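Visitor: One structure, as C-alpha cells, below. Some questions next.
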Amino acid sequence: MADKYPAAQPHDDPVEIFPDVLYVHGSFRMAPGMTINRNMVVLRHDGELSLINPVRLSPAGEKALQDYGEITRLIRLGPMHGLDDPYYVDRFGAELWSQEGGTEYADPPPLVVIDESTEAPFPSAKFIPFRETKIPECVLLLERDGGILLSCDSIQHWASTSRCSLLAKAVCYAVGFMHPANIGPFWLKLMTKPGGSLKPDFERILEHDFEHVIGAHGQAMQGGAKAALRATVDRVF
Ligand SMILES: [Fe+2]
C-alpha cells in the first residue's frame, strides 16, 4: 500500500562488497524519461546499520537490510541526497547525521551536525568536509580494506551508464560524466564559489590513502581509486 513517502525506485539487490559494507545500486527518476543511477552504502558495526546517502528500497530490499542489522543511523554526505531520509527517520526512528546548510531537504533537521571535529560513529573512519563548497558537503573515509572513500555527488565513478534511461545515458556522455573517479560536472559548477576553486579540497582528500571509492552515482570502484582521482584532479583543474 502506498504511503506518504516517495516510493522505492528500481534497484539491484544489496551486495556485501567488503566485510560489513553493503552496496546498493539503485535509480532515481529526475523527470519523465530522465532516470539516473543512485547508490547507497550501508555500514554495519555492532549490529547497527549506518545508511550512507540513504535510498529507500523495495520491501524485499528492506527486508535484506533488516536481516543484515538494525537500521539505526542515516549519514547524509551531500545536501542533494535527502529524499528518503524522512521515511527512514519516521519508519525506523533512525538518527540523521548531516552537515548544516542546504535547503533542498531541510526536514527533518539533523540530530547530529557533522563538522570538522565530528567523530565518526564507528571505528577507523573519519569525515572530511569540503571547506570551499557553496553548500556543505563531505566525504567519509573508512581506513580499512585498503581505504574506502565514500562520497555523495563530489566523486562519482562512471564505468558504465547502468540504471540510466536512454536520455540520461546520452547526457552522461555529452557532459563528461564517463570517467573513473570523476568529479561530478554539474556538482562542481553548482558548488564552486565565484572566483573560487575546489582543488585544495580534493588535494586534501588525496593526502589520505584509499584504494576504493563509492559515490552516490556511477558504480563502486574497487581498486585504483586514489590514482584515478589524482588523474581526475589533474584533468579538471
Ligand atoms: Fe546526486
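So you can find residues: chains in the C-alpha cells are A, B, ... in the order shown, residues in each start at 1, and ligands are numbered from 1 in order.
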So which residues touch Phe130 of chain A within 12 Å, counting only C-alpha atoms, skipping near sequence neighbours fewer than 3 positions away, as a ChimeraX atom specification?
Guide: /A:77-78,99,114-116,127,133-140,151-152,154-155,188,191-192,197-205
Visitor: For Asp13 of chain A, list every protein, DNA or RNA residue within 10 Å, evaluated using only C-alpha atoms, and leave out those in the same chain fewer than 5 positions away; present the list as a list in words.
Guide: Leu22, Tyr23, Val24, His25, Gly26, Leu57, Ser58, Ala60, Gly61, Glu62 and Ala64 of chain A
Visitor: Counting only C-alpha atoms and all ligand atoms, what are the residues, protein, DNA or RNA alike, that approach ligand 1 to within 12 Å? I want them as a ChimeraX atom specification.
Guide: /A:26-30,35-40,53-55,76-83,104,137,151-156,183-188,190,215-218
Visitor: Restricting the calculation to only C-alpha atoms, which member of A:Lys63, A:Arg163, A:Lys169, A:His212 is positioned closest to Phe18 of chain A?
Guide: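 Selected residue with least distance to Phe18 of chain A: A:His212.
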Visitor: Do you know which residues are at most 10 Å from Val89 of chain A counting only C-alpha atoms, after dropping those on the same chain fewer than 6 positions away, and could you put them as a VMD selection string?
Guide: chain A and resid 71 to 74 95 to 96 108
Visitor: Have a look at A:Leu229, A:Pro10, A:Asp3, A:Ala31 and name the one nearest to Leu167 of chain A; count only C-alpha atoms.
Guide: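 Of the candidates, the smallest distance to Leu167 of chain A is held by A:Ala31.
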